[in-house]
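Colleague: Coordinates in work31.cif, mmCIF, C-alpha atoms and all ligand atoms, are listed below.
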```
data_upload
#
loop_
_atom_site.label_atom_id
_atom_site.label_comp_id
_atom_site.auth_asym_id
_atom_site.auth_seq_id
_atom_site.Cartn_x
_atom_site.Cartn_y
_atom_site.Cartn_z
CA MET A 1 -21.98 2.90 -21.09
CA GLN A 2 -19.60 5.68 -22.19
CA THR A 3 -16.89 6.53 -19.65
CA HIS A 4 -13.20 7.51 -19.24
CA ALA A 5 -10.12 5.78 -17.88
CA ILE A 6 -6.35 6.12 -17.83
CA GLY A 7 -4.40 3.75 -20.02
CA ILE A 8 -0.74 3.25 -20.90
CA HIS A 9 0.56 2.16 -24.29
CA MET A 10 4.27 2.20 -23.44
CA HIS A 11 6.26 1.84 -20.21
CA GLY A 12 7.99 5.03 -19.09
CA GLY A 13 7.47 8.20 -17.09
CA PRO A 14 4.23 9.79 -15.88
CA GLU A 15 3.74 11.30 -19.35
CA GLN A 16 2.71 7.81 -20.53
CA LEU A 17 -0.60 8.08 -18.66
CA GLN A 18 -3.35 8.79 -21.19
CA TRP A 19 -6.90 9.92 -20.39
CA GLU A 20 -9.08 7.94 -22.81
CA PRO A 21 -12.75 7.30 -23.56
CA ARG A 22 -13.97 3.75 -22.81
CA GLU A 23 -17.14 1.94 -23.81
CA LEU A 24 -18.29 -0.47 -21.10
CA SER A 25 -20.59 -3.41 -21.84
CA SER A 26 -22.91 -5.11 -19.36
CA PRO A 27 -21.14 -7.33 -16.81
CA GLY A 28 -20.42 -10.91 -17.89
CA PRO A 29 -20.78 -13.98 -15.64
CA GLY A 30 -19.19 -13.37 -12.24
CA GLU A 31 -18.62 -9.67 -12.96
CA VAL A 32 -20.09 -6.45 -11.67
CA LEU A 33 -20.24 -2.99 -13.23
CA LEU A 34 -18.91 -0.40 -10.74
CA ARG A 35 -19.01 3.37 -10.62
CA HIS A 36 -15.92 4.58 -8.73
CA SER A 37 -16.21 7.37 -6.17
CA ALA A 38 -12.50 7.35 -5.35
CA VAL A 39 -9.36 5.59 -6.59
CA GLY A 40 -6.34 4.83 -4.39
CA LEU A 41 -2.84 5.80 -5.56
CA ASN A 42 -0.17 3.26 -4.63
CA TYR A 43 3.54 3.01 -5.19
CA ILE A 44 3.02 -0.21 -7.15
CA ASP A 45 1.20 1.87 -9.80
CA THR A 46 4.53 3.56 -10.59
CA TYR A 47 6.24 0.15 -10.97
CA HIS A 48 3.51 -0.93 -13.42
CA ARG A 49 3.86 2.36 -15.30
CA SER A 50 7.68 2.33 -15.47
CA GLY A 51 7.97 -1.35 -16.34
CA LEU A 52 9.79 -2.35 -13.13
CA TYR A 53 6.85 -4.78 -12.98
CA PRO A 54 6.28 -5.36 -16.73
CA LEU A 55 2.73 -5.42 -18.12
CA SER A 56 1.34 -6.65 -21.38
CA LEU A 57 0.47 -3.40 -23.17
CA PRO A 58 -1.74 -1.50 -23.74
CA SER A 59 -3.05 -1.73 -20.20
CA GLY A 60 -5.17 0.03 -17.63
CA LEU A 61 -3.50 1.09 -14.39
CA GLY A 62 -4.40 1.00 -10.71
CA THR A 63 -5.31 -1.72 -8.27
CA GLU A 64 -7.54 -0.02 -5.70
CA ALA A 65 -10.84 1.84 -5.69
CA ALA A 66 -14.20 2.16 -3.96
CA GLY A 67 -17.63 2.88 -5.35
CA GLN A 68 -21.12 1.56 -5.98
CA VAL A 69 -22.40 -1.47 -7.83
CA LEU A 70 -24.45 -0.41 -10.89
CA GLU A 71 -25.21 -3.86 -12.32
CA VAL A 72 -24.33 -7.48 -11.56
CA GLY A 73 -23.64 -10.30 -14.03
CA GLU A 74 -24.95 -13.83 -14.05
CA GLY A 75 -24.04 -15.94 -11.03
CA VAL A 76 -23.11 -13.00 -8.76
CA ARG A 77 -24.84 -13.76 -5.46
CA ASP A 78 -23.00 -11.66 -2.86
CA PHE A 79 -23.58 -8.21 -4.38
CA ARG A 80 -26.45 -6.25 -5.82
CA ARG A 81 -27.14 -2.85 -7.37
CA GLY A 82 -26.44 -0.01 -4.93
CA ASP A 83 -23.97 -1.90 -2.71
CA ARG A 84 -20.97 0.14 -1.58
CA VAL A 85 -17.79 -1.83 -2.25
CA ALA A 86 -14.00 -1.55 -2.46
CA TYR A 87 -11.14 -3.66 -3.78
CA ALA A 88 -7.34 -3.82 -3.79
CA SER A 89 -6.61 -6.81 -6.02
CA GLY A 90 -7.66 -8.27 -9.35
CA PRO A 91 -7.08 -7.02 -12.88
CA LEU A 92 -5.45 -3.58 -13.25
CA GLY A 93 -7.71 -0.73 -14.33
CA ALA A 94 -8.79 1.10 -11.18
CA TYR A 95 -7.84 4.48 -12.75
CA ALA A 96 -11.32 4.72 -14.29
CA GLU A 97 -14.61 6.50 -13.73
CA ALA A 98 -16.37 3.14 -13.99
CA ARG A 99 -15.30 -0.41 -14.82
CA LEU A 100 -16.17 -4.09 -14.97
CA MET A 101 -14.68 -6.07 -12.11
CA PRO A 102 -14.73 -9.76 -11.09
CA ALA A 103 -16.96 -9.92 -7.99
CA ALA A 104 -14.47 -12.26 -6.27
CA HIS A 105 -12.17 -9.30 -5.51
CA LEU A 106 -14.83 -7.03 -3.99
CA VAL A 107 -15.43 -6.36 -0.31
CA LYS A 108 -18.70 -4.83 0.91
CA LEU A 109 -18.17 -1.69 2.99
CA PRO A 110 -19.63 -1.53 6.49
CA ASP A 111 -21.74 1.57 7.28
CA ALA A 112 -18.90 3.01 9.38
CA ILE A 113 -16.49 3.16 6.41
CA ASP A 114 -17.02 5.88 3.79
CA GLU A 115 -15.94 5.30 0.20
CA ARG A 116 -13.09 7.81 0.15
CA SER A 117 -11.54 6.34 3.28
CA ALA A 118 -11.99 2.87 1.81
CA ALA A 119 -10.16 3.81 -1.40
CA ALA A 120 -7.40 5.33 0.73
CA MET A 121 -6.97 2.33 3.02
CA MET A 122 -7.71 -0.99 1.34
CA LEU A 123 -4.37 -1.76 -0.27
CA GLN A 124 -2.08 -0.07 2.23
CA GLY A 125 -4.21 -1.18 5.20
CA MET A 126 -4.48 -4.85 4.25
CA THR A 127 -0.75 -4.74 3.58
CA VAL A 128 -0.17 -3.50 7.12
CA GLU A 129 -2.51 -6.22 8.41
CA TYR A 130 -0.45 -9.03 6.91
CA LEU A 131 2.92 -7.35 7.60
CA ILE A 132 2.37 -6.97 11.34
CA ARG A 133 0.08 -9.96 12.02
CA ARG A 134 1.19 -12.61 9.55
CA SER A 135 4.59 -12.06 7.86
CA TYR A 136 5.85 -11.49 11.42
CA ARG A 137 3.48 -11.60 14.37
CA VAL A 138 4.51 -8.54 16.36
CA GLN A 139 4.11 -8.84 20.13
CA ALA A 140 3.23 -6.11 22.63
CA GLY A 141 6.41 -4.75 24.19
CA GLU A 142 8.60 -5.32 21.12
CA THR A 143 10.45 -2.53 19.32
CA VAL A 144 10.37 -2.53 15.49
CA LEU A 145 11.94 -0.46 12.72
CA LEU A 146 9.57 0.90 10.07
CA HIS A 147 10.91 2.75 7.02
CA ALA A 148 9.02 5.63 5.34
CA ALA A 149 6.89 6.04 8.44
CA ALA A 150 5.07 9.13 7.07
CA GLY A 151 3.96 7.39 3.85
CA GLY A 152 0.69 5.64 3.09
CA VAL A 153 1.67 2.25 4.49
CA GLY A 154 3.81 4.00 7.10
CA LEU A 155 1.13 6.06 8.85
CA ILE A 156 -1.30 3.13 8.99
CA ALA A 157 1.44 0.77 10.25
CA THR A 158 2.58 3.24 12.90
CA GLN A 159 -0.90 3.59 14.37
CA TRP A 160 -1.73 -0.12 14.22
CA LEU A 161 1.61 -1.05 15.84
CA LYS A 162 1.01 1.46 18.64
CA TYR A 163 -2.46 -0.04 19.16
CA LEU A 164 -0.77 -3.44 19.62
CA GLY A 165 1.54 -2.00 22.28
CA VAL A 166 4.67 -1.91 20.13
CA THR A 167 7.45 0.70 20.24
CA VAL A 168 7.96 2.11 16.73
CA ILE A 169 11.23 3.49 15.38
CA GLY A 170 10.35 5.21 12.12
CA THR A 171 12.52 6.60 9.34
CA VAL A 172 11.50 9.68 7.33
CA GLY A 173 13.04 11.98 4.73
CA SER A 174 12.31 15.39 6.28
CA ALA A 175 11.57 17.21 9.54
CA ALA A 176 7.96 17.84 8.47
CA LYS A 177 7.45 14.12 7.87
CA ALA A 178 9.02 13.38 11.27
CA GLU A 179 6.42 15.65 12.90
CA LEU A 180 3.60 13.92 11.04
CA ALA A 181 4.79 10.43 11.98
CA ARG A 182 5.22 11.52 15.60
CA ALA A 183 1.67 12.91 15.61
CA HIS A 184 0.51 9.43 14.52
CA GLY A 185 2.28 7.81 17.46
CA CYS A 186 5.76 7.03 16.17
CA ASP A 187 8.06 6.84 19.24
CA HIS A 188 11.48 7.53 17.70
CA LEU A 189 12.19 9.24 14.40
CA ILE A 190 15.32 8.90 12.27
CA ASP A 191 15.94 11.17 9.28
CA TYR A 192 17.60 8.62 7.01
CA ARG A 193 18.86 11.34 4.68
CA ARG A 194 21.06 12.70 7.48
CA GLU A 195 21.51 10.07 10.18
CA ASN A 196 23.07 6.60 10.39
CA VAL A 197 20.01 4.39 10.79
CA ALA A 198 21.67 1.26 12.22
CA GLU A 199 23.68 3.27 14.76
CA ARG A 200 20.54 5.05 15.97
CA VAL A 201 18.61 1.77 16.17
CA ARG A 202 21.42 0.15 18.19
CA ALA A 203 21.49 3.16 20.52
CA LEU A 204 17.72 2.98 21.02
CA THR A 205 17.73 -0.78 21.72
CA GLY A 206 20.64 -1.06 24.14
CA GLY A 207 22.91 -2.34 21.38
CA ARG A 208 20.77 -5.38 20.58
CA GLY A 209 18.86 -4.34 17.45
CA VAL A 210 15.21 -5.00 16.57
CA PRO A 211 13.50 -8.37 15.95
CA VAL A 212 11.88 -7.15 12.71
CA VAL A 213 12.41 -4.40 10.13
CA TYR A 214 9.63 -3.38 7.73
CA ASP A 215 11.33 -2.01 4.63
CA GLY A 216 9.32 -0.68 1.67
CA VAL A 217 12.14 1.59 0.51
CA GLY A 218 14.30 -1.20 -0.95
CA ARG A 219 17.71 -0.55 -2.44
CA ASP A 220 18.73 2.51 -0.40
CA THR A 221 17.85 1.03 3.01
CA PHE A 222 18.65 -2.68 2.55
CA ALA A 223 22.09 -2.62 4.19
CA ALA A 224 20.95 -0.44 7.10
CA SER A 225 17.95 -2.71 7.62
CA LEU A 226 20.14 -5.81 7.98
CA ASP A 227 22.50 -3.90 10.30
CA SER A 228 19.56 -2.88 12.52
CA LEU A 229 18.39 -6.43 13.26
CA ALA A 230 19.00 -8.46 16.41
CA PRO A 231 20.47 -11.95 15.90
CA ARG A 232 17.91 -14.22 14.12
CA GLY A 233 15.83 -11.14 13.30
CA LEU A 234 13.60 -10.86 10.23
CA LEU A 235 13.84 -8.34 7.40
CA VAL A 236 10.46 -7.94 5.72
CA SER A 237 11.49 -6.31 2.44
CA PHE A 238 8.15 -5.39 0.90
CA GLY A 239 8.84 -2.67 -1.64
CA ASN A 240 11.16 -0.73 -3.94
CA ALA A 241 10.43 2.99 -3.55
CA SER A 242 14.16 3.71 -4.06
CA GLY A 243 14.67 0.87 -6.56
CA ALA A 244 14.85 -2.92 -6.32
CA VAL A 245 17.32 -4.49 -3.88
CA ASP A 246 20.47 -5.73 -5.62
CA ALA A 247 21.41 -9.43 -5.69
CA PHE A 248 23.46 -10.61 -2.71
CA ALA A 249 25.03 -13.83 -1.39
CA PRO A 250 22.98 -15.65 1.31
CA GLY A 251 26.14 -15.85 3.44
CA LEU A 252 25.52 -12.18 4.25
CA LEU A 253 22.55 -13.26 6.39
CA ALA A 254 24.84 -15.60 8.36
CA ALA A 255 27.50 -12.94 8.80
CA LYS A 256 24.94 -10.47 10.21
CA GLY A 257 23.60 -12.91 12.83
CA SER A 258 21.61 -15.79 11.23
CA LEU A 259 19.05 -13.35 9.87
CA TYR A 260 15.85 -14.15 7.98
CA LEU A 261 14.59 -12.35 4.90
CA THR A 262 11.12 -12.42 3.34
CA ARG A 263 9.94 -10.54 0.22
CA PRO A 264 6.14 -10.73 0.49
CA ARG A 265 3.30 -9.55 -1.76
CA LEU A 266 -0.21 -8.65 -0.61
CA GLY A 267 -1.72 -10.91 -3.28
CA ASP A 268 -0.30 -14.01 -1.60
CA TYR A 269 -1.85 -13.02 1.75
CA ILE A 270 -5.35 -12.37 0.37
CA ALA A 271 -5.26 -15.24 -2.13
CA THR A 272 -8.49 -16.88 -0.95
CA ARG A 273 -11.86 -15.21 -0.43
CA GLU A 274 -11.64 -16.11 3.28
CA GLU A 275 -8.23 -14.42 3.64
CA LEU A 276 -9.41 -11.34 1.76
CA LEU A 277 -12.50 -10.92 3.91
CA ALA A 278 -10.59 -11.61 7.16
CA SER A 279 -7.88 -9.08 6.29
CA ALA A 280 -10.42 -6.40 5.31
CA ALA A 281 -12.49 -7.09 8.44
CA ALA A 282 -9.44 -6.71 10.70
CA LEU A 283 -8.62 -3.40 9.00
CA PHE A 284 -12.19 -2.07 9.21
CA GLU A 285 -12.28 -3.01 12.88
CA VAL A 286 -9.19 -0.98 13.88
CA VAL A 287 -10.52 1.97 11.87
CA ARG A 288 -14.03 1.68 13.33
CA ALA A 289 -12.53 1.49 16.83
CA GLY A 290 -10.64 4.74 16.19
CA ALA A 291 -7.24 3.07 16.67
CA VAL A 292 -6.20 3.81 13.07
CA ARG A 293 -7.17 7.08 11.38
CA ILE A 294 -6.89 7.10 7.61
CA GLY A 295 -4.99 10.25 6.68
CA ILE A 296 -5.72 11.37 3.14
CA GLY A 297 -2.65 13.52 2.58
CA GLN A 298 -3.59 14.78 -0.88
CA THR A 299 -6.17 14.35 -3.62
CA TYR A 300 -5.96 14.85 -7.40
CA ALA A 301 -8.48 14.74 -10.19
CA LEU A 302 -8.24 11.26 -11.74
CA ARG A 303 -7.32 12.76 -15.12
CA ASP A 304 -4.30 14.41 -13.38
CA ALA A 305 -2.91 11.05 -12.20
CA ALA A 306 0.40 11.84 -13.96
CA GLN A 307 1.00 14.70 -11.49
CA ALA A 308 0.16 12.41 -8.59
CA HIS A 309 2.81 9.95 -9.87
CA ARG A 310 5.36 12.77 -10.12
CA ASP A 311 4.69 13.89 -6.56
CA LEU A 312 4.74 10.35 -5.13
CA GLU A 313 8.08 9.55 -6.79
CA ALA A 314 9.55 12.92 -5.75
CA ARG A 315 8.70 12.10 -2.09
CA ARG A 316 6.32 15.07 -1.94
CA THR A 317 3.33 13.10 -0.61
CA THR A 318 2.39 12.02 2.91
CA GLY A 319 -0.12 9.41 4.03
CA SER A 320 -2.57 8.07 1.45
CA THR A 321 -3.40 9.71 -1.88
CA LEU A 322 -6.73 9.69 -3.71
CA LEU A 323 -7.53 10.18 -7.38
CA LEU A 324 -11.07 11.49 -7.78
CA PRO A 325 -13.10 10.70 -10.91
P1 LIG B 1 4.58 5.83 0.33
O1 LIG B 1 3.46 6.75 0.58
O2 LIG B 1 5.24 5.21 1.51
O3 LIG B 1 5.65 6.57 -0.56
C1 LIG B 1 6.96 6.09 -0.62
C2 LIG B 1 7.86 6.80 0.37
O4 LIG B 1 9.12 6.14 0.36
C3 LIG B 1 8.17 8.24 0.03
O5 LIG B 1 7.19 9.15 0.45
C4 LIG B 1 9.49 8.45 0.74
O6 LIG B 1 9.28 8.89 2.08
C5 LIG B 1 10.10 7.03 0.80
N1 LIG B 1 11.29 6.95 -0.06
C6 LIG B 1 12.54 6.68 0.39
N2 LIG B 1 13.40 6.71 -0.62
C7 LIG B 1 12.72 7.03 -1.72
C8 LIG B 1 13.09 7.25 -3.08
N3 LIG B 1 14.37 7.13 -3.49
N4 LIG B 1 12.12 7.57 -3.96
C9 LIG B 1 10.86 7.69 -3.57
N5 LIG B 1 10.43 7.50 -2.30
C10 LIG B 1 11.37 7.17 -1.38
O7 LIG B 1 4.09 4.68 -0.66
P2 LIG B 1 3.10 3.45 -0.36
O8 LIG B 1 2.57 3.56 1.01
O9 LIG B 1 2.16 3.34 -1.49
O10 LIG B 1 4.07 2.20 -0.44
C11 LIG B 1 5.19 2.08 0.43
C12 LIG B 1 6.03 0.90 -0.03
O11 LIG B 1 5.29 -0.30 0.24
C13 LIG B 1 6.32 0.89 -1.53
O12 LIG B 1 7.62 0.38 -1.73
C14 LIG B 1 5.31 -0.10 -2.05
O13 LIG B 1 5.70 -0.70 -3.25
C15 LIG B 1 5.27 -1.08 -0.91
N6 LIG B 1 4.07 -1.91 -0.87
C16 LIG B 1 4.24 -3.27 -0.91
C17 LIG B 1 3.18 -4.11 -0.80
C18 LIG B 1 3.42 -5.58 -0.74
O14 LIG B 1 2.50 -6.35 -0.45
N7 LIG B 1 4.63 -6.05 -0.97
C19 LIG B 1 1.81 -3.60 -0.75
C20 LIG B 1 1.74 -2.15 -0.61
C21 LIG B 1 2.85 -1.35 -0.71
P3 LIG B 1 10.42 9.81 2.77
O15 LIG B 1 10.45 11.10 2.04
O16 LIG B 1 9.98 9.92 4.18
O17 LIG B 1 11.70 9.05 2.62
#
```
Take the structure in the file and write it out as structure tokens.

Modeller:
Amino acid sequence: MQTHAIGIHMHGGPEQLQWEPRELSSPGPGEVLLRHSAVGLNYIDTYHRSGLYPLSLPSGLGTEAAGQVLEVGEGVRDFRRGDRVAYASGPLGAYAEARLMPAAHLVKLPDAIDERSAAAMMLQGMTVEYLIRRSYRVQAGETVLLHAAAGGVGLIATQWLKYLGVTVIGTVGSAAKAELARAHGCDHLIDYRRENVAERVRALTGGRGVPVVYDGVGRDTFAASLDSLAPRGLLVSFGNASGAVDAFAPGLLAAKGSLYLTRPRLGDYIATREELLASAAALFEVVRAGAVRIGIGQTYALRDAAQAHRDLEARRTTGSTLLLP
């Protein structure tokens, strides 16, 4: 089958993304051939492209997409031609019109979930699932700090936290993003380009600080995140949108009040088929129930993925972003 995909031959800027023809064979044992209807853009794609997370090159790019099964390989029992599926793990290469994919990473879509929404929610939504239910189990009545509240992870997390009865303090980089996060339920907004985050968090929590901070921004917010925690609080540092956090001495955690730090990855929370299906089911359920709306902030043609990378890194996007084949 003749098709197209985006590949990279060198690490670097968005200009490294190349639109290339690809010849796909029939699926091998345990594989399926998929036609993508939508591809999810994620911040991790920029780390793979830049080399912050080094790849063996040349490589495909992208970890998330949704589409239909065209053909199944030997031994594939759970899927058949015509099934609507999505994924957010497995080998890179989601930036493609069609691809071969190990069936073990696929999740069947319930009728209530359309393919575009699925491509916009799987990676960011399952991330939110493990962040708020498993890396730290947030309780109703707690107040938490969530950075980049108007982003892809941010808007899903805000809504899911509100559904659980949590008060959300969100940070954002502009007044327009503050409005958007507020419209998704965020209780208190801090513009971290202008305001002192830890001071605002202390003021909002009667001086105590929060039990957990969700920080996908990384280097720029690390210090403020620690300073916003209550004694024995947990910093969940789950991303590097502003760059990777610098090395530090563990004594810092003692000095700030016997704090905890975790640096989780989605892959470790959906490592088994059971965990993957449970995480996806929990996500689909909050979406089906109307508690979490999946906001597709912008779409691009798949072949224009370089522009999508530029906009994501320049903080011009909100919510989830789709690349359309
Ligand atoms: P977002 O849509 O949240 O985009 C990133 C946002 O970060 C920007 O819109 C911007 O919002 C904010 N930001 C703050 N400082 C910077 C900066 N210097 N450069 C660029 N952006 C900045 O992306 P995603 O939802 O895809 O991902 C959010 C974070 O979560 C990323 O760090 C990602 O790597 C991480 N992640 C981690 C996972 C894990 O399992 N560990 C899984 C999924 C995502 P603003 O303008 O409001 O500041």

Colleague: Could you tell me which of A:Pro325, A:Pro91, A:Gly216, A:Pro21 comes closest to Gln124 (chain A) if we count all atoms listed in the file?

Modeller: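 Closest candidate: A:Gly216.
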
Colleague: As an exercise, work out the distance from CA of Glu23 (chain A) to CA of Arg81 (chain A) in Å and give it to one decimal place.

Modeller: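 These two atoms are separated by 19.8 Å.
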
Colleague: In Å, how far is it from CA of Lys256 (chain A) to CA of Leu204 (chain A)?

Modeller: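 CA of Leu204 (chain A) lies 18.7 Å from CA of Lys256 (chain A).
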
Colleague: Could you report the residues within 7 Å of ligand LIG 1 (chain B), using all atoms listed in the file, as an MDAnalysis selection string?

Modeller: chainID A and resid 41:44 123:124 127 148:154 171:174 177 216:218 220 238:243 264:267 312:320

Colleague: Could you name the residues that touch region 134-146 of chain A at 7 Å or less, counting all atoms listed in the file, but leaving out those on the same chain fewer than 3 positions away, as a PDB file with C-alpha atoms, in the coordinates of the input?

Modeller:
```
ATOM      1  CA  TYR A 130      -0.450  -9.030   6.910  1.00  0.00           C
ATOM      2  CA  LEU A 131       2.920  -7.350   7.600  1.00  0.00           C
ATOM      3  CA  ALA A 149       6.890   6.040   8.440  1.00  0.00           C
ATOM      4  CA  LEU A 164      -0.770  -3.440  19.620  1.00  0.00           C
ATOM      5  CA  GLY A 165       1.540  -2.000  22.280  1.00  0.00           C
ATOM      6  CA  VAL A 166       4.670  -1.910  20.130  1.00  0.00           C
ATOM      7  CA  THR A 167       7.450   0.700  20.240  1.00  0.00           C
ATOM      8  CA  VAL A 168       7.960   2.110  16.730  1.00  0.00           C
ATOM      9  CA  ILE A 169      11.230   3.490  15.380  1.00  0.00           C
ATOM     10  CA  GLY A 170      10.350   5.210  12.120  1.00  0.00           C
ATOM     11  CA  THR A 171      12.520   6.600   9.340  1.00  0.00           C
ATOM     12  CA  VAL A 210      15.210  -5.000  16.570  1.00  0.00           C
ATOM     13  CA  PRO A 211      13.500  -8.370  15.950  1.00  0.00           C
ATOM     14  CA  VAL A 212      11.880  -7.150  12.710  1.00  0.00           C
ATOM     15  CA  VAL A 213      12.410  -4.400  10.130  1.00  0.00           C
ATOM     16  CA  TYR A 214       9.630  -3.380   7.730  1.00  0.00           C
ATOM     17  CA  ASP A 215      11.330  -2.010   4.630  1.00  0.00           C
TER      18      ASP A 215
END
```

Colleague: Mind giving me the straight-line distance from CA of Thr321 (chain A) to CA of Gln298 (chain A) in Å, one decimal?

Modeller: 5.2 Å

Colleague: Compute the distance from (-16.9, 2.8, -23.4) to each atom, counting all atoms listed in the file, keep the residues with any atom at most 6 Å away, and return them as a PyMOL selection string; use the coordinates of the file.

Modeller: chain A and resi 1-3+22-24

Colleague: Contacts of Arg80 (chain A) at 12 Å or less, counting all atoms listed in the file, minus same-chain residues fewer than 6 places along, as a list in words?

Modeller: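 Returned residues: Glu31, Val32, Leu33, Leu34, Gln68, Val69, Leu70, Glu71, Val72, Gly73, Glu74, Ala103, Leu106 and Lys108 of chain A.
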
Colleague: Measuring between all atoms listed in the file, which one of A:His36, A:Arg77, A:Arg303, A:His11 shows the shortest distance to Tyr53 (chain A)?

Modeller: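 Nearest to Tyr53 (chain A): A:His11.
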
Colleague: Quick one: of A:Ser59, A:Thr272, A:Gln18, A:Asn196, who's nearest to His105 (chain A), counting all atoms listed in the file?

Modeller: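 Of the candidates, the smallest distance to His105 (chain A) is held by A:Thr272.
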
Colleague: Might you pull out every residue within 7 Å of region 278-295 of chain A, with only C-alpha atoms counted and same-chain residues fewer than 2 positions away left off, and present them as an NGL selection string?

Modeller: :A and (112 or 117 or 121 or 125-126 or 129 or 156 or 159-160 or 163 or 274-276 or 297 or 319-320)

Colleague: Can you rebuild region 21-27 of chain A with all heavy atoms and give it as a JSON list (two decimals), in the frame of the given file?

Modeller:
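The resulting file, part19.json, is reproduced below:
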```
[["chain", "number", "residue", "atom", "x", "y", "z"],
["A", 21, "PRO", "N", -11.37, 7.76, -23.66],
["A", 21, "PRO", "CA", -12.75, 7.30, -23.56],
["A", 21, "PRO", "C", -12.81, 5.77, -23.54],
["A", 21, "PRO", "O", -11.93, 5.12, -24.10],
["A", 21, "PRO", "CB", -13.41, 7.84, -24.83],
["A", 21, "PRO", "CG", -12.29, 8.15, -25.76],
["A", 21, "PRO", "CD", -11.03, 8.33, -24.96],
["A", 22, "ARG", "N", -13.79, 5.22, -22.86],
["A", 22, "ARG", "CA", -13.97, 3.75, -22.81],
["A", 22, "ARG", "C", -15.46, 3.45, -22.95],
["A", 22, "ARG", "O", -16.29, 4.11, -22.34],
["A", 22, "ARG", "CB", -13.56, 3.19, -21.45],
["A", 22, "ARG", "CG", -12.10, 3.19, -21.18],
["A", 22, "ARG", "CD", -11.51, 1.80, -21.47],
["A", 22, "ARG", "NE", -10.23, 1.63, -20.77],
["A", 22, "ARG", "CZ", -9.10, 2.26, -21.07],
["A", 22, "ARG", "NH1", -9.08, 3.11, -22.05],
["A", 22, "ARG", "NH2", -8.01, 2.04, -20.38],
["A", 23, "GLU", "N", -15.77, 2.42, -23.69],
["A", 23, "GLU", "CA", -17.14, 1.94, -23.81],
["A", 23, "GLU", "C", -17.26, 0.69, -22.95],
["A", 23, "GLU", "O", -16.50, -0.26, -23.15],
["A", 23, "GLU", "CB", -17.43, 1.64, -25.30],
["A", 23, "GLU", "CG", -18.82, 1.19, -25.62],
["A", 23, "GLU", "CD", -19.88, 2.27, -25.35],
["A", 23, "GLU", "OE1", -19.60, 3.45, -25.54],
["A", 23, "GLU", "OE2", -20.98, 1.87, -24.90],
["A", 24, "LEU", "N", -18.14, 0.70, -21.97],
["A", 24, "LEU", "CA", -18.29, -0.47, -21.10],
["A", 24, "LEU", "C", -19.55, -1.24, -21.47],
["A", 24, "LEU", "O", -20.62, -0.64, -21.63],
["A", 24, "LEU", "CB", -18.37, -0.04, -19.63],
["A", 24, "LEU", "CG", -17.11, 0.57, -19.03],
["A", 24, "LEU", "CD1", -17.37, 1.03, -17.61],
["A", 24, "LEU", "CD2", -15.96, -0.44, -19.06],
["A", 25, "SER", "N", -19.42, -2.56, -21.56],
["A", 25, "SER", "CA", -20.59, -3.41, -21.84],
["A", 25, "SER", "C", -21.23, -3.81, -20.51],
["A", 25, "SER", "O", -20.75, -3.45, -19.44],
["A", 25, "SER", "CB", -20.15, -4.65, -22.61],
["A", 25, "SER", "OG", -19.13, -5.29, -21.86],
["A", 26, "SER", "N", -22.30, -4.58, -20.58],
["A", 26, "SER", "CA", -22.91, -5.11, -19.36],
["A", 26, "SER", "C", -21.98, -6.15, -18.76],
["A", 26, "SER", "O", -21.20, -6.78, -19.49],
["A", 26, "SER", "CB", -24.25, -5.75, -19.68],
["A", 26, "SER", "OG", -25.20, -4.74, -19.86],
["A", 27, "PRO", "N", -22.05, -6.36, -17.43],
["A", 27, "PRO", "CA", -21.14, -7.33, -16.81],
["A", 27, "PRO", "C", -21.40, -8.76, -17.30],
["A", 27, "PRO", "O", -22.55, -9.16, -17.47],
["A", 27, "PRO", "CB", -21.44, -7.20, -15.31],
["A", 27, "PRO", "CG", -22.70, -6.43, -15.20],
["A", 27, "PRO", "CD", -22.87, -5.65, -16.45]]
```
